[in-house]
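Asks: Contents of data-v2.txt (compact mmCIF, C-alpha atoms):
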```
# COMPACT_ATOMS: atom_id res chain seq x y z
CA MET A 1 175.60 -92.64 83.88
CA SER A 2 178.10 -95.47 83.58
CA ALA A 3 178.84 -94.45 79.98
CA ALA A 4 179.54 -90.89 81.12
CA ILE A 5 181.86 -92.10 83.88
CA GLN A 6 183.69 -94.33 81.44
CA PHE A 7 184.01 -91.42 79.03
CA LEU A 8 185.56 -89.25 81.73
CA GLU A 9 187.91 -92.03 82.82
CA THR A 10 189.15 -92.81 79.31
CA ARG A 11 189.03 -89.37 77.72
CA GLY A 12 189.16 -87.02 80.68
CA SER A 13 192.59 -85.60 79.84
CA ASP A 14 191.61 -85.21 76.17
CA LEU A 15 188.46 -83.38 77.26
CA VAL A 16 190.43 -80.92 79.39
CA THR A 17 192.79 -80.25 76.48
CA ALA A 18 189.85 -79.79 74.10
CA VAL A 19 188.15 -77.31 76.45
CA LEU A 20 191.36 -75.26 76.77
CA VAL A 21 191.89 -75.22 72.99
CA HIS A 22 188.24 -74.28 72.45
CA LEU A 23 188.47 -71.52 75.05
CA GLN A 24 191.65 -70.18 73.47
CA PHE A 25 190.00 -69.92 70.06
CA VAL A 26 186.99 -68.13 71.55
CA VAL A 27 188.91 -65.65 73.71
CA VAL A 28 191.43 -64.70 71.00
CA SER A 29 188.81 -64.42 68.26
CA VAL A 30 186.32 -62.40 70.31
CA GLY A 31 189.16 -60.18 71.51
CA ILE A 32 190.28 -59.43 67.97
CA GLY A 33 186.68 -59.03 66.81
CA PHE A 34 185.99 -56.63 69.69
CA VAL A 35 188.91 -54.34 68.85
CA MET A 36 188.02 -54.28 65.15
CA ALA A 37 184.32 -53.76 65.89
CA MET A 38 184.89 -50.87 68.27
CA LEU A 39 187.19 -49.09 65.83
CA LEU A 40 184.67 -49.51 63.03
CA ALA A 41 181.73 -48.50 65.25
CA ILE A 42 183.46 -45.31 66.33
CA MET A 43 184.50 -44.51 62.78
CA LEU A 44 181.03 -45.15 61.32
CA SER A 45 179.38 -43.07 64.05
CA ARG A 46 181.46 -40.10 62.85
CA LEU A 47 180.56 -40.56 59.19
CA PRO A 48 177.30 -39.73 57.38
CA ALA A 49 174.50 -42.22 58.01
CA LYS A 50 174.48 -43.24 54.35
CA VAL A 51 177.97 -44.73 54.80
CA SER A 52 176.86 -47.06 57.59
CA ALA A 53 173.71 -47.88 55.59
CA VAL A 54 176.04 -49.47 53.04
CA ALA A 55 178.89 -50.69 55.27
CA LEU A 56 176.80 -52.60 57.83
CA PRO A 57 174.90 -54.75 55.30
CA VAL A 58 178.16 -55.48 53.45
CA LEU A 59 179.86 -56.62 56.64
CA GLY A 60 176.75 -58.54 57.60
CA VAL A 61 177.10 -60.65 54.46
CA PHE A 62 179.96 -62.52 56.15
CA GLN A 63 177.48 -63.71 58.79
CA THR A 64 175.47 -65.47 56.09
CA VAL A 65 178.41 -67.50 54.76
CA PRO A 66 178.26 -71.02 56.26
CA GLY A 67 181.15 -71.69 58.62
CA LEU A 68 182.20 -74.85 56.79
CA VAL A 69 182.48 -72.92 53.53
CA PHE A 70 184.35 -70.00 55.10
CA ILE A 71 186.91 -72.12 56.92
CA GLY A 72 187.25 -74.34 53.85
CA ILE A 73 188.11 -71.33 51.67
CA LEU A 74 190.60 -69.97 54.22
CA PHE A 75 192.12 -73.43 54.56
CA MET A 76 193.15 -73.34 50.90
CA TYR A 77 195.23 -70.21 51.52
CA THR A 78 196.44 -70.50 55.12
CA GLY A 79 196.58 -74.28 55.60
CA ILE A 80 196.08 -76.26 58.79
CA ARG A 81 197.00 -73.54 61.25
CA PRO A 82 195.25 -71.95 64.24
CA LEU A 83 195.39 -68.71 62.24
CA THR A 84 192.83 -70.16 59.82
CA VAL A 85 190.27 -70.65 62.58
CA ILE A 86 191.08 -67.37 64.32
CA ILE A 87 190.59 -65.34 61.12
CA ALA A 88 187.24 -66.98 60.46
CA LEU A 89 185.99 -66.70 64.04
CA SER A 90 187.19 -63.10 64.39
CA ILE A 91 185.20 -62.06 61.33
CA TYR A 92 182.13 -63.90 62.60
CA ALA A 93 182.56 -62.35 66.07
CA LEU A 94 182.93 -58.83 64.71
CA PHE A 95 179.44 -58.09 63.40
CA PRO A 96 177.28 -58.56 66.54
CA ILE A 97 179.65 -56.30 68.50
CA LEU A 98 179.84 -53.75 65.70
CA LYS A 99 176.07 -53.56 65.24
CA ASN A 100 175.34 -53.15 68.95
CA SER A 101 178.20 -50.74 69.60
CA TYR A 102 177.28 -48.53 66.67
CA ALA A 103 173.65 -48.41 67.78
CA GLY A 104 174.71 -47.69 71.35
CA ILE A 105 176.95 -44.79 70.40
CA LEU A 106 174.26 -43.27 68.17
CA SER A 107 171.70 -43.58 70.98
CA VAL A 108 173.60 -41.08 73.15
CA PRO A 109 171.49 -37.88 73.23
CA GLU A 110 173.04 -35.02 71.32
CA ALA A 111 172.16 -32.70 74.20
CA MET A 112 174.52 -34.60 76.50
CA LYS A 113 177.36 -34.29 74.01
CA GLU A 114 176.68 -30.58 73.57
CA ALA A 115 176.72 -30.14 77.33
CA ALA A 116 180.08 -31.92 77.47
CA ARG A 117 181.45 -29.61 74.79
CA GLY A 118 180.17 -26.68 76.77
CA CYS A 119 182.22 -27.92 79.71
CA GLY A 120 185.35 -27.78 77.54
CA MET A 121 185.69 -31.47 76.71
CA THR A 122 187.50 -32.48 73.54
CA ASP A 123 185.97 -34.93 71.06
CA LEU A 124 188.15 -37.73 72.47
CA GLN A 125 187.06 -36.93 76.02
CA ILE A 126 183.42 -36.91 74.96
CA LEU A 127 183.87 -40.31 73.35
CA CYS A 128 185.64 -41.86 76.35
CA LYS A 129 183.72 -40.18 79.17
CA VAL A 130 180.24 -39.75 77.70
CA GLU A 131 179.48 -41.83 74.62
CA LEU A 132 181.19 -45.12 75.47
CA PRO A 133 179.99 -45.22 79.10
CA LEU A 134 176.40 -44.54 77.99
CA ALA A 135 176.70 -47.12 75.21
CA MET A 136 178.28 -49.72 77.53
CA SER A 137 175.11 -51.75 77.95
CA SER A 138 174.71 -52.14 74.17
CA ILE A 139 178.41 -52.89 73.74
CA PHE A 140 178.34 -55.66 76.33
CA ALA A 141 175.15 -57.08 74.82
CA GLY A 142 177.04 -57.41 71.55
CA VAL A 143 180.05 -58.98 73.24
CA ARG A 144 177.82 -61.48 75.06
CA MET A 145 176.02 -62.44 71.85
CA SER A 146 179.27 -62.68 69.92
CA THR A 147 180.92 -64.87 72.57
CA ILE A 148 178.03 -67.33 72.70
CA TYR A 149 177.97 -67.58 68.92
CA THR A 150 181.74 -68.03 68.76
CA VAL A 151 181.65 -70.94 71.21
CA SER A 152 179.41 -72.79 68.77
CA TRP A 153 181.36 -71.69 65.68
CA ALA A 154 184.66 -72.83 67.24
CA VAL A 155 183.39 -76.41 66.96
CA LEU A 156 184.33 -76.15 63.28
CA ALA A 157 188.05 -76.01 64.18
CA ALA A 158 187.97 -79.80 64.43
CA MET A 159 186.97 -79.94 60.78
CA ILE A 160 190.57 -79.20 59.78
CA GLY A 161 192.13 -81.13 62.64
CA LEU A 162 192.79 -78.26 65.04
CA GLY A 163 191.04 -79.76 68.04
CA GLY A 164 188.55 -78.20 70.38
CA LEU A 165 185.31 -79.74 71.56
CA GLY A 166 184.22 -80.26 67.98
CA GLN A 167 186.51 -83.27 67.68
CA PHE A 168 184.27 -85.29 69.99
CA ILE A 169 181.14 -84.19 68.14
CA PHE A 170 182.50 -85.02 64.68
CA ILE A 171 183.92 -88.37 65.74
CA GLY A 172 180.67 -89.16 67.53
CA ILE A 173 178.64 -88.39 64.41
CA GLU A 174 180.93 -90.47 62.21
CA THR A 175 180.80 -93.45 64.57
CA ASN A 176 177.21 -92.95 65.72
CA ASN A 177 178.47 -92.64 69.30
CA GLN A 178 176.06 -90.52 71.32
CA VAL A 179 178.38 -90.40 74.32
CA LEU A 180 181.09 -88.68 72.26
CA ILE A 181 178.57 -86.25 70.77
CA LEU A 182 177.31 -85.29 74.22
CA GLY A 183 180.91 -85.26 75.48
CA GLY A 184 181.59 -82.37 73.11
CA ALA A 185 178.18 -80.67 73.10
CA ILE A 186 177.54 -80.46 76.84
CA PRO A 187 180.93 -78.89 77.74
CA ALA A 188 180.46 -76.42 74.87
CA ALA A 189 177.06 -75.40 76.24
CA ILE A 190 178.49 -75.08 79.76
CA LEU A 191 181.37 -73.00 78.41
CA ALA A 192 178.97 -70.64 76.61
CA VAL A 193 176.88 -70.14 79.75
CA ALA A 194 179.96 -69.63 81.92
CA LEU A 195 181.44 -67.03 79.58
CA ALA A 196 178.11 -65.21 79.35
CA MET A 197 177.95 -65.05 83.15
CA LEU A 198 181.54 -63.80 83.27
CA ILE A 199 180.72 -61.03 80.79
CA ASP A 200 177.69 -60.04 82.86
CA PHE A 201 179.92 -59.92 85.96
CA VAL A 202 182.50 -57.72 84.22
CA GLN A 203 179.75 -55.44 82.90
CA ASP A 204 178.32 -55.06 86.39
CA LYS A 205 181.73 -54.13 87.79
CA LEU A 206 182.51 -51.64 85.02
CA THR A 207 179.11 -49.96 84.87
CA PRO A 208 178.88 -46.79 87.00
CA ARG A 209 176.41 -47.17 89.84
CA GLY A 210 174.04 -44.54 88.50
CA MET A 211 173.84 -46.25 85.12
CA LYS A 212 173.04 -49.78 86.30
CA GLY A 213 169.75 -51.03 84.99
CA ARG A 214 170.05 -49.03 81.77
CA LYS A 215 168.77 -51.18 78.91
CA PRO A 216 170.74 -51.65 75.66
```
Please re-express this file's structure in structure tokens.
Replies:
Amino acid sequence: MSAAIQFLETRGSDLVTAVLVHLQFVVVSVGIGFVMAMLLAIMLSRLPAKVSAVALPVLGVFQTVPGLVFIGILFMYTGIRPLTVIIALSIYALFPILKNSYAGILSVPEAMKEAARGCGMTDLQILCKVELPLAMSSIFAGVRMSTIYTVSWAVLAAMIGLGGLGQFIFIGIETNNQVLILGGAIPAAILAVALAMLIDFVQDKLTPRGMKGRKP
């Protein structure tokens, strides 16, 4: 306990700065990943299934590339800049949202879309008023998963000196200082849980009352 208090007294301001930097990386990257994922999910849902059968595995390959390798490769081309981390994290954040959103859109019964067409709705209206609302649970599940993953991936920003909570973890590992390791790991875990709860809150507010409880 005394070690934790001493850590907060000596590095409290650095910890606040690290949390804000970490949060910035996560929010920006997930935001970019969300926009890209939704555009791709909508596009793939309109194309023949054989296209998505190829596109999804290809995009999923990026998930298998270790973060250290990915950021290291980007570092050679973009240098020590926040853009390097944001590009890497956005690509990592994209796939969970894309996969869930695509599945959610495809799960909308064709009969409901035909009924909407029969009411005179355009394709855009069907997308916005029928497909996306019904797929909302799956979309938010992807966003939640992506956000939690990105909180952990953002630790790698410290690898190229761009701060975040990873700086405490890396320094702690190098110096065998468990207090520093926990000083970065515990706030990261708390941040992941807090963001997941925030996403659940937003989903609850945006979900129409009659659709609450619908499983992804």
Asks: Name all residues at most 10 Å from Val35 (chain A) (count only C-alpha atoms; drop same-chain ones fewer than 3 positions away) and give them as a count of residues only.
Replies: 11
Asks: Which residue gives the smallest distance to Val21 (chain A) among A:Val85, A:Leu106, A:Ile148, A:Leu124, with all atoms listed in the file counted?
Replies: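 Looking only at the distances to Val21 (chain A), the closest residue turns out to be A:Val85.
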Asks: Select, from A:Leu15, A:Ala93, A:Gln6, A:Val27, the residue with the minimum atom-to-atom distance to Ile169 (chain A), counting all atoms listed in the file.
Replies: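 Smallest separation from Ile169 (chain A) among the options: A:Leu15.
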Asks: Distance CA of Val54 (chain A)-CA of Glu114 (chain A), one decimal place?
Replies: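 For CA of Val54 (chain A) relative to CA of Glu114 (chain A), the distance reads 27.9 Å.
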Asks: I'd like the neighbourhood of Pro133 (chain A) as a CSV table (one decimal) with C-alpha atoms, in the frame of the given file, where a residue qualifies if any of its atoms comes within 8 Å (using only C-alpha atoms), though same-chain residues fewer than 4 positions away should be ignored.
Replies:
```csv
chain,number,residue,atom,x,y,z
A,128,CYS,CA,185.6,-41.9,76.4
A,129,LYS,CA,183.7,-40.2,79.2
A,207,THR,CA,179.1,-50.0,84.9
```
Asks: Any idea what's packed within 9 Å of region 185-196 of chain A, counting all atoms listed in the file, ignoring anything in its chain fewer than 4 positions away? Could you give it as a PyMOL selection string?
Replies: chain A and resi 15+19+22-23+143-145+147-152+155+165-166+168-169+180-181+200-201
Asks: Out of A:Gly67, A:Pro82, A:Gly183, A:Gly120, which residue has the shortest atom-to-atom distance to Leu156 (chain A) when counting all atoms listed in the file?
Replies: A:Gly67
Asks: Between CA of Val65 (chain A) and CA of Ile91 (chain A), what distance in Å does the model show, to one decimal?
Replies: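 Computing it gives 10.9 Å between the two atoms.
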Asks: Could you tell me which of A:Asn100, A:Ser2, A:Gln167, A:Ser107 comes closest to Asp14 (chain A) if we count only C-alpha atoms?
Replies: A:Gln167
Asks: So what do you get for CA of Ala115 (chain A) versus CA of Leu132 (chain A), distance-wise?
Replies: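 Calculated distance between CA of Ala115 (chain A) and CA of Leu132 (chain A) is 15.7 Å.
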Asks: For Ile160 (chain A), work out the shell of residues within 10 Å, counting only C-alpha atoms and skipping chain neighbours fewer than 5 positions away, then give it as a ChimeraX atom specification.
Replies: /A:68,71-72,75,79-82,84-85,167
Asks: Just checking: using all atoms listed in the file, which residue out of A:Val61, A:Phe25, A:Ala88, A:Met197 ends up closest to Leu74 (chain A)?
Replies: A:Ala88
Asks: From the options A:Pro48, A:Gly142, A:Gly60, A:Gly172, which residue's atoms come nearest to Ser101 (chain A), counting only C-alpha atoms?
Replies: A:Gly142
